[in-house]
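A.B. asks: I'd like to ask you about the structure that follows.
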Number of protein chains: 2
Amino acid sequence: MVADVSDVAELSLVEEWHLLLARHAAVFNALECALQDEHGLGVSEFEALEALAGCDHQCRAADLTDAVHLSQSATSRLVARMEREGLVERAMCDVDRRGVFVTLTEAGWTRFRTAKPTHRRVLRETLR
Amino acid sequence: MVADVSDVAELSLVEEWHLLLARHAAVFNALECALQDEHGLGVSEFEALEALAGCDHQCRAADLTDAVHLSQSATSRLVARMEREGLVERAMCDVDRRGVFVTLTEAGWTRFRTAKPTHRRVLRETLR
DNA sequence: GTACGCTACATGCACACGCATCTAATGACA
DNA sequence: TGTCATTAGATGCGTGTGCATGTAGCGTAC
């Protein structure tokens, strides 16, 4: 019984997937705990804040959907939660009145800057 | 304004994290859709089946928890769902009567073998 | 043997998710 | 201008998740 080339290729493919799963789970859980405990933020909330901070503090809801890797509906509720917490505001978009501009509030910007060191620390500790 | 070494290091750390997030989301979603559509399985269900198949078709519930990267409670419910679908059985563990042996049924083994090519195909198509 | 701490798994609960669907606005075309 | 397909985002619904806790069995100490 000799493993041929395609068996080896498949094995490494599965191993790489399991490695990816394990790495993701480890970093994600560590981030979730640290951000929640120290700043009352979930990972998705932080990613949304980071996306907004990197986009002039304002972007379309649809752009956030890509940034947080969530469904459209989940993103909509995420924005609703963050608005309830005063981290962002939803503004009517003039050029396309179906659209929504999500804008970072002063409180949201502050929370992001405060949480950022925690985020980076956990990445340093758990990534790779 | 010159970026120093630690700024560069932090940037690449964050980029690597975002890459990990994106890769995970892409592969996970593709797997979820394909396995659900073609075999009525979720990713976690498949991972559990794979872990059991690689463990002589029988292992402790606690071992499954590690394999699926889920909490203990989620794993317990996962096993309950899979038992309801006839994919696994829960058996009393003689040496430690608190424990539970999860065993692959014939149907579970068949479902795993059937779904495996789909799983590998999606990995080939979406990983890297 | 009895008491006590620990471990394995199950379960109540609150909450976040995706899917399907709804509403409102847009753009194209007759 | 009126119709209609398309798109942006919100929401009802069912389900899966983690946390906290419950229950039962184990192991040690006395």
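A note on labels: chains of the structure tokens are A, B, ... as shown, every chain counts residues from 1, and ligands are counted from 1 in their shown order.
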Pull out every residue of chain B that has at least one atom within 7 Å of chain D, counting only C-alpha atoms (C1' of nucleotides), and report them as a PyMOL selection string.

C.D. replies: chain B and resi 71+74+97-98

A.B. asks: Those residues with C-alpha atoms, as a compact mmCIF listing (two decimals), in the first residue's frame please?

C.D. replies:
# COMPACT_ATOMS: atom_id res chain seq x y z
CA SER B 71 -17.72 24.89 23.25
CA ALA B 74 -22.36 23.25 21.54
CA ARG B 97 -19.84 6.31 33.81
CA ARG B 98 -19.88 10.11 33.59

A.B. asks: Chain B near chain C within 10 Å: what's each residue's closest atom pair and its distance in Å to one decimal, counting only C-alpha atoms (C1' of nucleotides), ordered by chain then ascending residue number, as CSV?

C.D. replies:
residue,atom,partner,partner_atom,distance
B:Arg60,CA,C:DA8,C1',9.8
B:Ala61,CA,C:DC9,C1',8.2
B:Ala62,CA,C:DA8,C1',7.9
B:Gln72,CA,C:DC9,C1',8.3
B:Ser73,CA,C:DA10,C1',7.8
B:Thr75,CA,C:DC9,C1',9.9
B:Ser76,CA,C:DC9,C1',7.2
B:Arg77,CA,C:DA10,C1',8.7
B:Asp96,CA,C:DA8,C1',9.0
B:Arg97,CA,C:DA8,C1',8.9
B:Arg98,CA,C:DA8,C1',5.2
B:Gly99,CA,C:DA8,C1',5.4
B:Val100,CA,C:DC9,C1',7.6

A.B. asks: List as JSON, numbers by chain the protein and nucleic acid residues near A:Leu41, meaning an atom at most 12 Å away when only C-alpha atoms (C1' of nucleotides) are counted, but skip any in the same chain fewer than 2 places from it.

C.D. replies: {"A": [31, 32, 33, 34, 35, 36, 37, 38, 39, 43, 44, 45, 46, 47, 48, 49, 78, 81, 82, 85, 87, 108, 111, 112, 114, 115, 116, 118, 119]}

A.B. asks: Please check the contacts: residues of chain B at most 10 Å away from chain A, using only C-alpha atoms, listed as a ChimeraX atom specification.

C.D. replies: /B:9-11,13-14,16-18,20-29,47,66-70,119-121,123-124,127-128

A.B. asks: Let's have the selection written as a short mmCIF file (atom, residue, chain, number, x, y, z; two decimals), in the first residue's frame, with C-alpha atoms.

C.D. replies:
data_model
loop_
_atom_site.label_atom_id
_atom_site.label_comp_id
_atom_site.auth_asym_id
_atom_site.auth_seq_id
_atom_site.Cartn_x
_atom_site.Cartn_y
_atom_site.Cartn_z
CA ALA B 9 5.47 44.85 12.17
CA GLU B 10 2.03 45.79 13.52
CA LEU B 11 0.72 46.45 10.05
CA LEU B 13 0.30 41.44 11.85
CA VAL B 14 -3.08 43.03 11.19
CA GLU B 16 -2.15 38.62 8.30
CA TRP B 17 -5.15 38.52 10.63
CA HIS B 18 -7.43 39.98 7.98
CA LEU B 20 -6.80 34.67 7.93
CA LEU B 21 -10.33 36.01 8.50
CA ALA B 22 -11.00 36.30 4.77
CA ARG B 23 -9.62 32.87 3.95
CA HIS B 24 -11.56 31.27 6.77
CA ALA B 25 -14.80 32.97 5.77
CA ALA B 26 -14.39 32.07 2.10
CA VAL B 27 -13.61 28.39 2.64
CA PHE B 28 -16.08 27.98 5.49
CA ASN B 29 -18.99 29.50 3.59
CA GLU B 47 -15.65 17.69 10.98
CA ASP B 66 -11.37 19.72 20.50
CA ALA B 67 -11.88 18.46 16.97
CA VAL B 68 -14.77 20.77 16.11
CA HIS B 69 -13.47 23.93 17.84
CA LEU B 70 -16.80 24.41 19.60
CA HIS B 119 -15.37 18.44 0.96
CA ARG B 120 -12.04 17.84 -0.80
CA ARG B 121 -13.25 19.45 -4.00
CA LEU B 123 -10.95 22.74 -0.42
CA ARG B 124 -9.12 22.40 -3.72
CA LEU B 127 -8.11 27.06 -0.26
CA ARG B 128 -5.15 29.32 -1.08
#

A.B. asks: Just how far from atom CA of A:Gly40 is atom CA of A:Asp63, in Å to one decimal?

C.D. replies: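 Rounded to one decimal, the two atoms are 23.8 Å apart.
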
A.B. asks: When DSSP works through the backbone of this structure, what residues of chain A end up as strand (DSSP E or B), shown as a list in words?

C.D. replies: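 Here are the strand (DSSP E or B) residues of chain A: Gln58, Cys59, Arg60, Val88, Glu89, Arg90, Ala91, Met92, Val100, Phe101, Val102, Thr103 and Leu104 of chain A.
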
A.B. asks: Go ahead and save the picked residues with N, CA and C atoms, as a PDB file, in the first residue's frame.

C.D. replies:
ATOM      1  N   GLN A  58     -16.512  57.016   7.844  1.00  0.00           N
ATOM      2  CA  GLN A  58     -17.832  57.002   7.231  1.00  0.00           C
ATOM      3  C   GLN A  58     -17.823  56.092   6.030  1.00  0.00           C
ATOM      4  N   CYS A  59     -18.761  55.156   5.971  1.00  0.00           N
ATOM      5  CA  CYS A  59     -18.892  54.367   4.752  1.00  0.00           C
ATOM      6  C   CYS A  59     -20.286  53.789   4.620  1.00  0.00           C
ATOM      7  N   ARG A  60     -20.560  53.241   3.446  1.00  0.00           N
ATOM      8  CA  ARG A  60     -21.860  52.651   3.187  1.00  0.00           C
ATOM      9  C   ARG A  60     -21.999  51.340   3.939  1.00  0.00           C
ATOM     10  N   VAL A  88     -21.756  54.372  16.561  1.00  0.00           N
ATOM     11  CA  VAL A  88     -21.911  54.862  15.190  1.00  0.00           C
ATOM     12  C   VAL A  88     -23.268  55.562  15.055  1.00  0.00           C
ATOM     13  N   GLU A  89     -23.431  56.239  13.928  1.00  0.00           N
ATOM     14  CA  GLU A  89     -24.734  56.808  13.604  1.00  0.00           C
ATOM     15  C   GLU A  89     -25.086  56.432  12.171  1.00  0.00           C
ATOM     16  N   ARG A  90     -26.377  56.278  11.927  1.00  0.00           N
ATOM     17  CA  ARG A  90     -26.827  56.014  10.564  1.00  0.00           C
ATOM     18  C   ARG A  90     -27.363  57.305   9.977  1.00  0.00           C
ATOM     19  N   ALA A  91     -26.865  57.634   8.797  1.00  0.00           N
ATOM     20  CA  ALA A  91     -27.307  58.866   8.158  1.00  0.00           C
ATOM     21  C   ALA A  91     -27.876  58.550   6.785  1.00  0.00           C
ATOM     22  N   MET A  92     -28.911  59.256   6.423  1.00  0.00           N
ATOM     23  CA  MET A  92     -29.475  59.141   5.090  1.00  0.00           C
ATOM     24  C   MET A  92     -28.406  59.478   4.060  1.00  0.00           C
ATOM     25  N   VAL A 100     -27.463  53.834   3.190  1.00  0.00           N
ATOM     26  CA  VAL A 100     -27.243  54.363   4.528  1.00  0.00           C
ATOM     27  C   VAL A 100     -25.753  54.624   4.695  1.00  0.00           C
ATOM     28  N   PHE A 101     -25.431  55.807   5.164  1.00  0.00           N
ATOM     29  CA  PHE A 101     -24.059  56.079   5.562  1.00  0.00           C
ATOM     30  C   PHE A 101     -23.908  55.745   7.027  1.00  0.00           C
ATOM     31  N   VAL A 102     -22.952  54.904   7.343  1.00  0.00           N
ATOM     32  CA  VAL A 102     -22.649  54.641   8.746  1.00  0.00           C
ATOM     33  C   VAL A 102     -21.462  55.514   9.100  1.00  0.00           C
ATOM     34  N   THR A 103     -21.604  56.313  10.142  1.00  0.00           N
ATOM     35  CA  THR A 103     -20.509  57.208  10.523  1.00  0.00           C
ATOM     36  C   THR A 103     -20.079  56.931  11.954  1.00  0.00           C
ATOM     37  N   LEU A 104     -18.782  57.021  12.180  1.00  0.00           N
ATOM     38  CA  LEU A 104     -18.188  56.816  13.486  1.00  0.00           C
ATOM     39  C   LEU A 104     -18.500  58.036  14.359  1.00  0.00           C
TER      40      LEU A 104
END

A.B. asks: Output as a ChimeraX atom specification all residues of stretch 29-81 of chain B that backbone DSSP marks as alpha helix (DSSP H).

C.D. replies: /B:29-39,43-53,61-68,72-81

A.B. asks: Can I get the selected residues back with N, CA and C atoms, as a tab-separated table (two decimals), in the first residue's frame?

C.D. replies:
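The resulting file, part-v5.tsv, is reproduced below:
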chain	number	residue	atom	x	y	z
B	29	ASN	N	-17.70	29.29	4.24
B	29	ASN	CA	-18.99	29.50	3.59
B	29	ASN	C	-19.19	28.58	2.41
B	30	ALA	N	-18.12	28.42	1.61
B	30	ALA	CA	-18.23	27.53	0.45
B	30	ALA	C	-18.50	26.10	0.90
B	31	LEU	N	-17.80	25.66	1.94
B	31	LEU	CA	-18.01	24.31	2.47
B	31	LEU	C	-19.43	24.16	2.99
B	32	GLU	N	-19.86	25.14	3.77
B	32	GLU	CA	-21.19	25.10	4.37
B	32	GLU	C	-22.26	24.92	3.29
B	33	CYS	N	-22.17	25.73	2.25
B	33	CYS	CA	-23.16	25.66	1.16
B	33	CYS	C	-23.12	24.31	0.46
B	34	ALA	N	-21.92	23.89	0.04
B	34	ALA	CA	-21.80	22.66	-0.74
B	34	ALA	C	-22.21	21.44	0.08
B	35	LEU	N	-21.73	21.36	1.32
B	35	LEU	CA	-22.05	20.19	2.15
B	35	LEU	C	-23.54	20.16	2.48
B	36	GLN	N	-24.11	21.35	2.73
B	36	GLN	CA	-25.54	21.41	3.05
B	36	GLN	C	-26.38	21.01	1.84
B	37	ASP	N	-26.08	21.63	0.70
B	37	ASP	CA	-26.86	21.36	-0.51
B	37	ASP	C	-26.75	19.91	-0.94
B	38	GLU	N	-25.52	19.40	-0.98
B	38	GLU	CA	-25.31	18.09	-1.59
B	38	GLU	C	-25.46	16.92	-0.63
B	39	HIS	N	-25.32	17.20	0.71
B	39	HIS	CA	-25.34	16.07	1.65
B	39	HIS	C	-26.10	16.35	2.94
B	43	VAL	N	-20.71	22.20	8.36
B	43	VAL	CA	-19.27	22.01	8.46
B	43	VAL	C	-18.90	21.29	9.76
B	44	SER	N	-19.52	21.70	10.87
B	44	SER	CA	-19.20	21.06	12.15
B	44	SER	C	-19.57	19.59	12.15
B	45	GLU	N	-20.72	19.27	11.56
B	45	GLU	CA	-21.13	17.87	11.46
B	45	GLU	C	-20.07	17.08	10.69
B	46	PHE	N	-19.63	17.64	9.57
B	46	PHE	CA	-18.63	16.92	8.78
B	46	PHE	C	-17.33	16.75	9.54
B	47	GLU	N	-16.90	17.79	10.22
B	47	GLU	CA	-15.65	17.69	10.98
B	47	GLU	C	-15.77	16.62	12.06
B	48	ALA	N	-16.95	16.55	12.67
B	48	ALA	CA	-17.17	15.53	13.70
B	48	ALA	C	-17.11	14.13	13.10
B	49	LEU	N	-17.76	13.97	11.95
B	49	LEU	CA	-17.71	12.67	11.27
B	49	LEU	C	-16.26	12.30	10.93
B	50	GLU	N	-15.52	13.29	10.44
B	50	GLU	CA	-14.13	13.03	10.06
B	50	GLU	C	-13.29	12.64	11.27
B	51	ALA	N	-13.51	13.33	12.39
B	51	ALA	CA	-12.78	13.00	13.61
B	51	ALA	C	-13.10	11.58	14.05
B	52	LEU	N	-14.37	11.21	13.98
B	52	LEU	CA	-14.78	9.85	14.38
B	52	LEU	C	-14.18	8.82	13.43
B	53	ALA	N	-14.20	9.13	12.13
B	53	ALA	CA	-13.66	8.19	11.14
B	53	ALA	C	-12.17	7.97	11.36
B	61	ALA	N	-16.82	12.19	24.01
B	61	ALA	CA	-17.41	13.47	23.64
B	61	ALA	C	-16.40	14.60	23.81
B	62	ALA	N	-15.60	14.51	24.86
B	62	ALA	CA	-14.62	15.56	25.13
B	62	ALA	C	-13.60	15.68	24.00
B	63	ASP	N	-13.25	14.55	23.40
B	63	ASP	CA	-12.29	14.59	22.30
B	63	ASP	C	-12.89	15.28	21.08
B	64	LEU	N	-14.19	15.07	20.88
B	64	LEU	CA	-14.87	15.74	19.77
B	64	LEU	C	-14.84	17.26	19.95
B	65	THR	N	-15.00	17.70	21.18
B	65	THR	CA	-15.00	19.14	21.46
B	65	THR	C	-13.75	19.79	20.88
B	66	ASP	N	-12.60	19.16	21.06
B	66	ASP	CA	-11.37	19.72	20.50
B	66	ASP	C	-11.40	19.71	18.98
B	67	ALA	N	-11.91	18.63	18.42
B	67	ALA	CA	-11.88	18.46	16.97
B	67	ALA	C	-12.73	19.51	16.25
B	68	VAL	N	-13.86	19.89	16.83
B	68	VAL	CA	-14.77	20.77	16.11
B	68	VAL	C	-14.60	22.25	16.47
B	72	GLN	N	-18.10	23.18	24.88
B	72	GLN	CA	-18.57	21.87	25.35
B	72	GLN	C	-20.07	21.75	25.14
B	73	SER	N	-20.81	22.80	25.43
B	73	SER	CA	-22.27	22.72	25.29
B	73	SER	C	-22.68	22.59	23.83
B	74	ALA	N	-22.03	23.33	22.97
B	74	ALA	CA	-22.36	23.25	21.54
B	74	ALA	C	-22.05	21.85	21.01
B	75	THR	N	-20.97	21.27	21.47
B	75	THR	CA	-20.62	19.92	21.03
B	75	THR	C	-21.67	18.92	21.50
B	76	SER	N	-22.13	19.10	22.73
B	76	SER	CA	-23.16	18.21	23.26
B	76	SER	C	-24.40	18.24	22.38
B	77	ARG	N	-24.80	19.45	21.98
B	77	ARG	CA	-25.98	19.58	21.12
B	77	ARG	C	-25.71	19.06	19.72
B	78	LEU	N	-24.49	19.27	19.25
B	78	LEU	CA	-24.11	18.75	17.93
B	78	LEU	C	-24.27	17.24	17.90
B	79	VAL	N	-23.76	16.56	18.94
B	79	VAL	CA	-23.89	15.11	19.02
B	79	VAL	C	-25.36	14.72	19.10
B	80	ALA	N	-26.15	15.49	19.85
B	80	ALA	CA	-27.58	15.19	19.96
B	80	ALA	C	-28.26	15.28	18.60
B	81	ARG	N	-27.93	16.34	17.83
B	81	ARG	CA	-28.50	16.48	16.49
B	81	ARG	C	-28.11	15.30	15.61

A.B. asks: In Å, rounded to a single decimal, give me how far atom CA of A:Glu106 is from atom CA of A:Glu83.

C.D. replies: 12.2 Å

A.B. asks: So how many Å separate atom CA of B:Gly42 and atom CA of B:Asp56, to one decimal?

C.D. replies: 21.8 Å
